[in-house]
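K.L.:
After the structure tokens below, expect a handful of questions from me.
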Amino acid sequence: MASVAVVGAGVTGLVTAIGCARAGHRVTVFDRGPVPNPASASSDQHRALRVLRPDDVHGTLRMAEARRRWLELESLLRTEIFRPVGVVTAGTPDELAPVFDTAGRAGLPAVAVSPDALAPVVFPAGTAGVLDVGAGVLLAERFLRAAAEWLAAHPAVTLRPRCAVVDVGDHRVSAADGTVVDADLVLVAAGPGNTELVERPVTLYRQTMVYLRPPPQLAGWWTSAPGVGRIGAARTAWLLPPGGGTLLKISSDAVCREVAATTERDRGPWADRLLAEPILTGAADYAVVAVRDCHYAADPVGGGPMLVRIRPSVWSRPACGGTGFATAPLVAEEILGAVMEVKA
Ligand SMILES: Cc1cc2nc3c(=O)[nH]c(=O)nc-3n(C[C@H](O)[C@H](O)[C@H](O)COP(=O)(O)OP(=O)(O)OC[C@H]3O[C@@H](n4cnc5c(N)ncnc54)[C@H](O)[C@@H]3O)c2cc1C
């Protein structure tokens, strides 16, 4: 049995903690807030899991593996966390061809979708859709709550909520309350907070999201609707459908901006700008229920790696960008491999 210390109880930390506990290791999870923490990047109604990555067969197969692991977690936690509704990407024929090609080479399904089949969604002129059949919606907050409960009930797991970590060394984690925990392996998965603990530059982004309730006559249509991406004026908008207790959510890169800190104030007309995007047919019939900003960190160079070893026993999830939720089981898998290596 090895001991693993996890800094951060977002999706990365919780999925990794579950994997380590199931493999028979002792795990301590620290978070500076409650567990789960509503202020974490992971805390939202839903996140998309896309399987198909155009021109990247290996990446596509890895995402299919991530999906398989999410389904395993769903069985373990005995609660619906994945809605297999698929995700449609809009594109011109030239843009969609590589998606079908990659799907064919990976042996995974992709289906052409006519904009008429998704009439409540505005497709940019000259585009149609490809449905990533294996993709879907992860019910993020539902997963975080179920994972925290599962971990709290596990005898080999210690949860340390409201316990900020101030220093990470080889085989050691120091908390603000003066406690020091020794571990065979340390994972720093503190989201945008990673930079305070690990010297590695990241770019911090803030993105505005608007949550909508569809008009009653479309409520039934939306219950089985897929996610849709690459829509909007500049084709950088996306939507996640309602279902499983969630609202319809829209956002766009047009309302994503770089910030210096999560606490930095900005008062731009972000929600109005987002609501002006051509995303929904008859948008005025949709009720705005909430508006929210969310932060994520990305590596300044090309999105960056999923995981970095920064000391012999310390690993960091530096910057996860737009797929950080969906890929969390792949991080957990790598950490489990590293635990075996450290113990060998
Ligand atoms: C608008 C938006 C849309 C997104 N869409 C998608 C999507 O569709 N699909 C997808 O896969 N991903 C998506 N992402 C990215 C994804 O949500 C994040 O990459 C992922 O949730 C990050 O999880 P994490 O566990 O690594 O970090 P976080 O969720 O940020 O968790 C880090 C935790 O560490 C804690 N912490 C920080 N500092 C300390 C410290 N010093 N001591 C102790 N604890 C600490 C924090 O309190 C927090 O709870 C999106 C992100 C945003 C912002």
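Residue numbering restarts at 1 for every chain of the structure tokens, chains are lettered A, B, ... in their displayed order, and ligands are numbered from 1 as they appear.
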DSSP on the backbone, alpha helix (DSSP H) only: what residues of range 73-163 of chain A does that give? Format it as a ChimeraX atom specification.
P.N.:
/A:73-77,93-106,140-152
K.L.:
Only N, CA and C atoms, please: the residues just picked out, written as a short mmCIF file (atom, residue, chain, number, x, y, z; two decimals), in the first residue's frame.
P.N.:
```
data_model
loop_
_atom_site.label_atom_id
_atom_site.label_comp_id
_atom_site.auth_asym_id
_atom_site.auth_seq_id
_atom_site.Cartn_x
_atom_site.Cartn_y
_atom_site.Cartn_z
N LEU A 73 -17.00 4.88 -13.61
CA LEU A 73 -17.25 5.70 -12.43
C LEU A 73 -18.75 5.82 -12.15
N GLU A 74 -19.51 5.90 -13.24
CA GLU A 74 -20.97 6.00 -13.10
C GLU A 74 -21.51 4.75 -12.39
N SER A 75 -21.00 3.57 -12.78
CA SER A 75 -21.44 2.33 -12.11
C SER A 75 -21.02 2.32 -10.66
N LEU A 76 -19.78 2.74 -10.43
CA LEU A 76 -19.27 2.73 -9.05
C LEU A 76 -20.10 3.63 -8.14
N LEU A 77 -20.41 4.82 -8.64
CA LEU A 77 -21.10 5.81 -7.80
C LEU A 77 -22.62 5.63 -7.81
N PRO A 93 -18.27 21.45 -45.64
CA PRO A 93 -17.91 20.09 -46.07
C PRO A 93 -16.41 19.82 -45.93
N ASP A 94 -15.58 20.82 -46.26
CA ASP A 94 -14.12 20.64 -46.14
C ASP A 94 -13.69 20.42 -44.70
N GLU A 95 -14.37 21.10 -43.79
CA GLU A 95 -13.99 20.97 -42.38
C GLU A 95 -14.48 19.65 -41.78
N LEU A 96 -15.61 19.16 -42.27
CA LEU A 96 -16.17 17.94 -41.68
C LEU A 96 -15.49 16.68 -42.20
N ALA A 97 -14.90 16.76 -43.40
CA ALA A 97 -14.28 15.56 -43.99
C ALA A 97 -13.25 14.91 -43.05
N PRO A 98 -12.32 15.69 -42.43
CA PRO A 98 -11.35 15.04 -41.55
C PRO A 98 -11.97 14.39 -40.31
N VAL A 99 -13.14 14.89 -39.90
CA VAL A 99 -13.80 14.29 -38.72
C VAL A 99 -14.28 12.89 -39.10
N PHE A 100 -14.94 12.78 -40.27
CA PHE A 100 -15.41 11.46 -40.72
C PHE A 100 -14.22 10.52 -40.95
N ASP A 101 -13.15 11.09 -41.51
CA ASP A 101 -11.96 10.29 -41.79
C ASP A 101 -11.37 9.74 -40.49
N THR A 102 -11.23 10.61 -39.49
CA THR A 102 -10.66 10.17 -38.21
C THR A 102 -11.56 9.12 -37.56
N ALA A 103 -12.87 9.37 -37.62
CA ALA A 103 -13.81 8.40 -37.02
C ALA A 103 -13.64 7.04 -37.68
N GLY A 104 -13.54 7.05 -39.02
CA GLY A 104 -13.39 5.79 -39.76
C GLY A 104 -12.12 5.07 -39.35
N ARG A 105 -11.02 5.84 -39.25
CA ARG A 105 -9.73 5.20 -38.94
C ARG A 105 -9.70 4.70 -37.49
N ALA A 106 -10.45 5.38 -36.62
CA ALA A 106 -10.48 4.95 -35.20
C ALA A 106 -11.54 3.87 -34.98
N ALA A 140 -21.50 17.51 -14.11
CA ALA A 140 -20.30 17.79 -13.33
C ALA A 140 -20.57 17.88 -11.83
N GLU A 141 -21.49 18.76 -11.44
CA GLU A 141 -21.70 18.93 -10.00
C GLU A 141 -22.25 17.66 -9.36
N ARG A 142 -23.06 16.93 -10.10
CA ARG A 142 -23.59 15.68 -9.56
C ARG A 142 -22.45 14.70 -9.30
N PHE A 143 -21.50 14.66 -10.26
CA PHE A 143 -20.34 13.78 -10.05
C PHE A 143 -19.53 14.22 -8.83
N LEU A 144 -19.27 15.52 -8.72
CA LEU A 144 -18.41 16.01 -7.63
C LEU A 144 -19.02 15.64 -6.27
N ARG A 145 -20.34 15.81 -6.15
CA ARG A 145 -21.00 15.49 -4.87
C ARG A 145 -20.92 13.99 -4.58
N ALA A 146 -21.22 13.17 -5.60
CA ALA A 146 -21.22 11.71 -5.39
C ALA A 146 -19.80 11.22 -5.08
N ALA A 147 -18.81 11.80 -5.76
CA ALA A 147 -17.42 11.39 -5.52
C ALA A 147 -17.00 11.75 -4.11
N ALA A 148 -17.36 12.96 -3.66
CA ALA A 148 -16.98 13.39 -2.30
C ALA A 148 -17.62 12.47 -1.26
N GLU A 149 -18.87 12.08 -1.50
CA GLU A 149 -19.55 11.17 -0.55
C GLU A 149 -18.86 9.81 -0.52
N TRP A 150 -18.54 9.31 -1.72
CA TRP A 150 -17.90 7.99 -1.81
C TRP A 150 -16.56 8.01 -1.07
N LEU A 151 -15.79 9.07 -1.29
CA LEU A 151 -14.47 9.17 -0.66
C LEU A 151 -14.60 9.33 0.85
N ALA A 152 -15.59 10.12 1.30
CA ALA A 152 -15.76 10.34 2.74
C ALA A 152 -16.08 9.03 3.46
#
```
K.L.:
Kindly compile the residues surrounding ligand 1 within 7 Å, counting only C-alpha atoms and all ligand atoms, and format them as a PyMOL selection string.
P.N.:
chain A and resi 7-13+30-33+36-37+39-43+47-49+163-166+189-194+196-197+206-209+294-296+317+320-327
K.L.:
Any chance you can output those residues with N, CA and C atoms as a CSV table (one decimal), in the first residue's frame?
P.N.:
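Result saved to result23.csv:
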```
chain,number,residue,atom,x,y,z
A,7,VAL,N,-3.6,17.5,-3.8
A,7,VAL,CA,-3.9,18.9,-3.4
A,7,VAL,C,-5.0,19.4,-4.4
A,8,GLY,N,-6.2,19.6,-3.9
A,8,GLY,CA,-7.2,20.1,-4.8
A,8,GLY,C,-8.3,19.0,-5.0
A,9,ALA,N,-9.5,19.4,-4.7
A,9,ALA,CA,-10.6,18.4,-4.8
A,9,ALA,C,-11.6,18.8,-5.9
A,10,GLY,N,-11.0,19.2,-7.0
A,10,GLY,CA,-11.8,19.4,-8.3
A,10,GLY,C,-11.9,18.0,-8.9
A,11,VAL,N,-12.3,18.0,-10.2
A,11,VAL,CA,-12.5,16.7,-10.8
A,11,VAL,C,-11.2,15.9,-10.9
A,12,THR,N,-10.1,16.6,-11.1
A,12,THR,CA,-8.8,15.8,-11.2
A,12,THR,C,-8.5,15.1,-9.9
A,13,GLY,N,-8.6,15.9,-8.8
A,13,GLY,CA,-8.2,15.4,-7.5
A,13,GLY,C,-9.2,14.2,-7.1
A,30,PHE,N,-6.6,17.4,0.1
A,30,PHE,CA,-6.7,18.7,0.6
A,30,PHE,C,-7.5,19.6,-0.3
A,31,ASP,N,-8.3,20.5,0.3
A,31,ASP,CA,-8.8,21.6,-0.5
A,31,ASP,C,-8.9,22.8,0.4
A,32,ARG,N,-8.7,24.0,-0.2
A,32,ARG,CA,-8.7,25.2,0.6
A,32,ARG,C,-10.2,25.6,0.9
A,33,GLY,N,-11.1,25.0,0.2
A,33,GLY,CA,-12.5,25.3,0.4
A,33,GLY,C,-13.2,24.0,0.8
A,36,PRO,N,-17.2,19.0,-2.3
A,36,PRO,CA,-16.6,19.8,-3.4
A,36,PRO,C,-16.7,21.3,-3.1
A,37,ASN,N,-15.8,22.0,-3.9
A,37,ASN,CA,-15.8,23.4,-3.7
A,37,ASN,C,-16.5,24.1,-4.8
A,39,ALA,N,-16.4,27.0,-5.8
A,39,ALA,CA,-15.6,27.9,-6.5
A,39,ALA,C,-14.6,27.3,-7.4
A,40,SER,N,-14.5,26.0,-7.5
A,40,SER,CA,-13.5,25.3,-8.4
A,40,SER,C,-13.9,25.4,-9.8
A,41,ALA,N,-13.0,25.2,-10.7
A,41,ALA,CA,-13.3,25.2,-12.2
A,41,ALA,C,-14.2,24.1,-12.5
A,42,SER,N,-14.2,23.0,-11.8
A,42,SER,CA,-15.0,21.9,-12.1
A,42,SER,C,-16.4,22.0,-11.7
A,43,SER,N,-16.7,23.0,-10.9
A,43,SER,CA,-18.1,23.1,-10.4
A,43,SER,C,-19.0,23.8,-11.3
A,47,ARG,N,-20.4,19.6,-18.3
A,47,ARG,CA,-19.2,19.7,-19.1
A,47,ARG,C,-19.4,18.7,-20.3
A,48,ALA,N,-18.8,19.1,-21.4
A,48,ALA,CA,-18.9,18.2,-22.6
A,48,ALA,C,-17.7,17.2,-22.6
A,49,LEU,N,-18.1,16.0,-23.0
A,49,LEU,CA,-17.0,15.0,-23.3
A,49,LEU,C,-17.1,14.7,-24.8
A,163,CYS,N,-8.6,23.3,4.1
A,163,CYS,CA,-7.2,23.2,4.6
A,163,CYS,C,-6.3,23.5,3.4
A,164,ALA,N,-5.9,24.8,3.3
A,164,ALA,CA,-5.1,25.2,2.2
A,164,ALA,C,-3.7,24.7,2.3
A,165,VAL,N,-3.1,24.3,1.2
A,165,VAL,CA,-1.7,23.8,1.2
A,165,VAL,C,-0.9,25.0,0.8
A,166,VAL,N,0.2,25.2,1.6
A,166,VAL,CA,1.1,26.3,1.4
A,166,VAL,C,2.4,26.0,0.7
A,189,ALA,N,-3.2,19.3,-8.0
A,189,ALA,CA,-4.3,19.4,-9.0
A,189,ALA,C,-5.2,20.6,-8.5
A,190,ALA,N,-4.6,21.7,-8.3
A,190,ALA,CA,-5.2,22.9,-7.6
A,190,ALA,C,-5.8,23.8,-8.7
A,191,GLY,N,-6.0,23.4,-9.9
A,191,GLY,CA,-6.6,24.2,-10.9
A,191,GLY,C,-5.9,25.5,-11.1
A,192,PRO,N,-6.6,26.6,-11.3
A,192,PRO,CA,-5.9,27.9,-11.4
A,192,PRO,C,-5.0,28.2,-10.2
A,193,GLY,N,-5.2,27.5,-9.1
A,193,GLY,CA,-4.4,27.8,-7.9
A,193,GLY,C,-3.0,27.1,-8.0
A,194,ASN,N,-2.8,26.2,-9.0
A,194,ASN,CA,-1.6,25.5,-9.1
A,194,ASN,C,-0.3,26.4,-9.2
A,196,GLU,N,0.3,29.0,-7.6
A,196,GLU,CA,0.8,29.4,-6.3
A,196,GLU,C,1.7,28.4,-5.6
A,197,LEU,N,1.6,27.1,-6.1
A,197,LEU,CA,2.4,26.0,-5.5
A,197,LEU,C,3.5,25.5,-6.4
A,206,ARG,N,-11.1,33.8,-18.2
A,206,ARG,CA,-12.4,33.9,-17.6
A,206,ARG,C,-13.4,33.8,-18.7
A,207,GLN,N,-14.5,33.0,-18.5
A,207,GLN,CA,-15.5,32.8,-19.6
A,207,GLN,C,-16.9,33.0,-19.0
A,208,THR,N,-17.7,33.7,-19.7
A,208,THR,CA,-19.1,33.9,-19.2
A,208,THR,C,-20.0,32.9,-19.8
A,209,MET,N,-20.9,32.4,-19.0
A,209,MET,CA,-21.9,31.4,-19.5
A,209,MET,C,-23.3,31.9,-19.1
A,294,CYS,N,-16.6,31.6,-15.2
A,294,CYS,CA,-15.9,30.4,-14.7
A,294,CYS,C,-14.4,30.6,-15.2
A,295,HIS,N,-13.5,30.1,-14.5
A,295,HIS,CA,-12.0,30.3,-14.8
A,295,HIS,C,-11.4,29.0,-15.2
A,296,TYR,N,-10.5,29.1,-16.1
A,296,TYR,CA,-9.6,27.9,-16.4
A,296,TYR,C,-8.2,28.4,-16.7
A,317,ARG,N,-0.9,18.8,-12.4
A,317,ARG,CA,-1.8,19.0,-13.5
A,317,ARG,C,-1.8,20.5,-13.8
A,320,CYS,N,-5.4,22.8,-17.8
A,320,CYS,CA,-6.2,21.7,-18.5
A,320,CYS,C,-7.1,22.2,-19.6
A,321,GLY,N,-7.2,23.6,-19.7
A,321,GLY,CA,-8.0,24.1,-20.8
A,321,GLY,C,-9.4,23.5,-20.9
A,322,GLY,N,-9.9,23.4,-22.2
A,322,GLY,CA,-11.3,23.0,-22.4
A,322,GLY,C,-11.6,21.6,-22.3
A,323,THR,N,-10.6,20.7,-22.0
A,323,THR,CA,-11.0,19.3,-21.9
A,323,THR,C,-10.6,18.7,-20.5
A,324,GLY,N,-10.4,19.6,-19.6
A,324,GLY,CA,-9.8,19.2,-18.3
A,324,GLY,C,-10.8,18.3,-17.5
A,325,PHE,N,-12.1,18.5,-17.7
A,325,PHE,CA,-13.0,17.6,-17.0
A,325,PHE,C,-13.0,16.2,-17.6
A,326,ALA,N,-13.3,16.2,-18.9
A,326,ALA,CA,-13.4,14.9,-19.6
A,326,ALA,C,-12.2,14.0,-19.5
A,327,THR,N,-11.0,14.6,-19.4
A,327,THR,CA,-9.7,13.8,-19.4
A,327,THR,C,-9.3,13.5,-18.0
```
K.L.:
Considering only C-alpha atoms, return as a list in words whatever protein or nucleic-acid residues lie within 9 Å of Gly91 in chain A, sequence-local ones (same chain, fewer than 3 positions apart) excluded.
P.N.:
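Once the adjacent positions are removed, what remains is Asp94, Glu95, Leu96, Phe123, Pro124, Gly126, Thr127, Ala128, Gly129, Val130, Arg230, Ile231 and Arg235 of chain A.
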K.L.:
Measure the distance from CA of Gln45 in chain A to CA of Ala153 in chain A in Å and round it to one decimal.
P.N.:
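So the answer is 24.1 Å.
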K.L.:
When distances are computed from only C-alpha atoms, which of A:Asp299, A:Val173, A:Ile18, A:Leu138 shows the smallest separation from Val202 in chain A?
P.N.:
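Smallest separation from Val202 in chain A among the options: A:Asp299.
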K.L.:
Would you compute the distance between CA of Tyr286 in chain A and CA of Pro215 in chain A? Give it in Å to one decimal.
P.N.:
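Value for the CA of Tyr286 in chain A-CA of Pro215 in chain A distance: 5.6 Å.
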K.L.:
Would you mind telling me which residue in A:Gly245, A:Ala23, A:Thr179, A:Leu118 lies nearest to Glu80 in chain A when using only C-alpha atoms?
P.N.:
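Closest candidate: A:Gly245.
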K.L.:
For Ala338 in chain A, find every residue with an atom within 12 Å (counting only C-alpha atoms), except residues of its own chain fewer than 2 positions away, and show them as a ChimeraX atom specification.
P.N.:
/A:2,4,16,20,184-187,307-309,312-315,331-336,340-344
K.L.:
Could those selected residues go to a file with C-alpha atoms, as a CSV table (one decimal), in the first residue's frame?
P.N.:
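Heads up, here's the output in selection.csv:
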```
chain,number,residue,atom,x,y,z
A,2,ALA,CA,1.3,3.5,-1.0
A,4,VAL,CA,-0.9,9.5,-2.0
A,16,THR,CA,-7.5,10.4,-8.9
A,20,CYS,CA,-5.9,5.3,-5.8
A,184,ASP,CA,4.9,8.4,-1.5
A,185,LEU,CA,3.4,10.5,-4.2
A,186,VAL,CA,1.9,14.0,-4.4
A,187,LEU,CA,-0.5,15.2,-7.0
A,307,LEU,CA,0.5,16.1,-16.4
A,308,VAL,CA,4.1,17.1,-15.5
A,309,ARG,CA,6.5,15.5,-13.1
A,312,PRO,CA,10.7,12.7,-8.2
A,313,SER,CA,7.5,12.2,-6.2
A,314,VAL,CA,5.5,15.3,-7.2
A,315,TRP,CA,3.2,15.5,-10.2
A,331,VAL,CA,-4.7,11.7,-15.4
A,332,ALA,CA,-5.9,9.3,-12.7
A,333,GLU,CA,-4.6,6.4,-14.8
A,334,GLU,CA,-1.2,8.0,-15.2
A,335,ILE,CA,-0.9,8.8,-11.5
A,336,LEU,CA,-1.8,5.2,-10.6
A,340,MET,CA,3.5,1.7,-8.8
A,341,GLU,CA,6.8,3.2,-10.1
A,342,VAL,CA,7.5,5.2,-7.0
A,343,LYS,CA,6.8,2.1,-4.8
A,344,ALA,CA,8.9,-0.3,-7.0
```
K.L.:
Could you tell me which of A:Leu212, A:Leu239, A:Ala119, A:Ala175 comes closest to Gly136 in chain A if we count only C-alpha atoms?
P.N.:
A:Leu239
K.L.:
Please extract the residues of range 77-262 of chain A with a backbone DSSP assignment of strand (DSSP E) and present them as a PyMOL selection string.
P.N.:
chain A and resi 82-83+87-91+110-113+128-132+136-139+157-160+165-169+172-175+180-182+185-188+203-213+227-231+237-240+248-252+256-259
K.L.:
CA of His25 in chain A and CA of Leu61 in chain A, how far apart in Å?
P.N.:
28.2 Å
K.L.:
Excluding same-chain residues fewer than 6 positions from Leu280 in chain A, what lies within 8 Å of it counting only C-alpha atoms, as a list in words?
P.N.:
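My list of contacting residues is Pro120, Val121 and Val122 of chain A.
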K.L.:
So which residues touch range 50-53 of chain A within 6 Å, counting only C-alpha atoms, skipping near sequence neighbours fewer than 5 positions away, as a VMD selection string?
P.N.:
chain A and resid 60 63 to 64 135
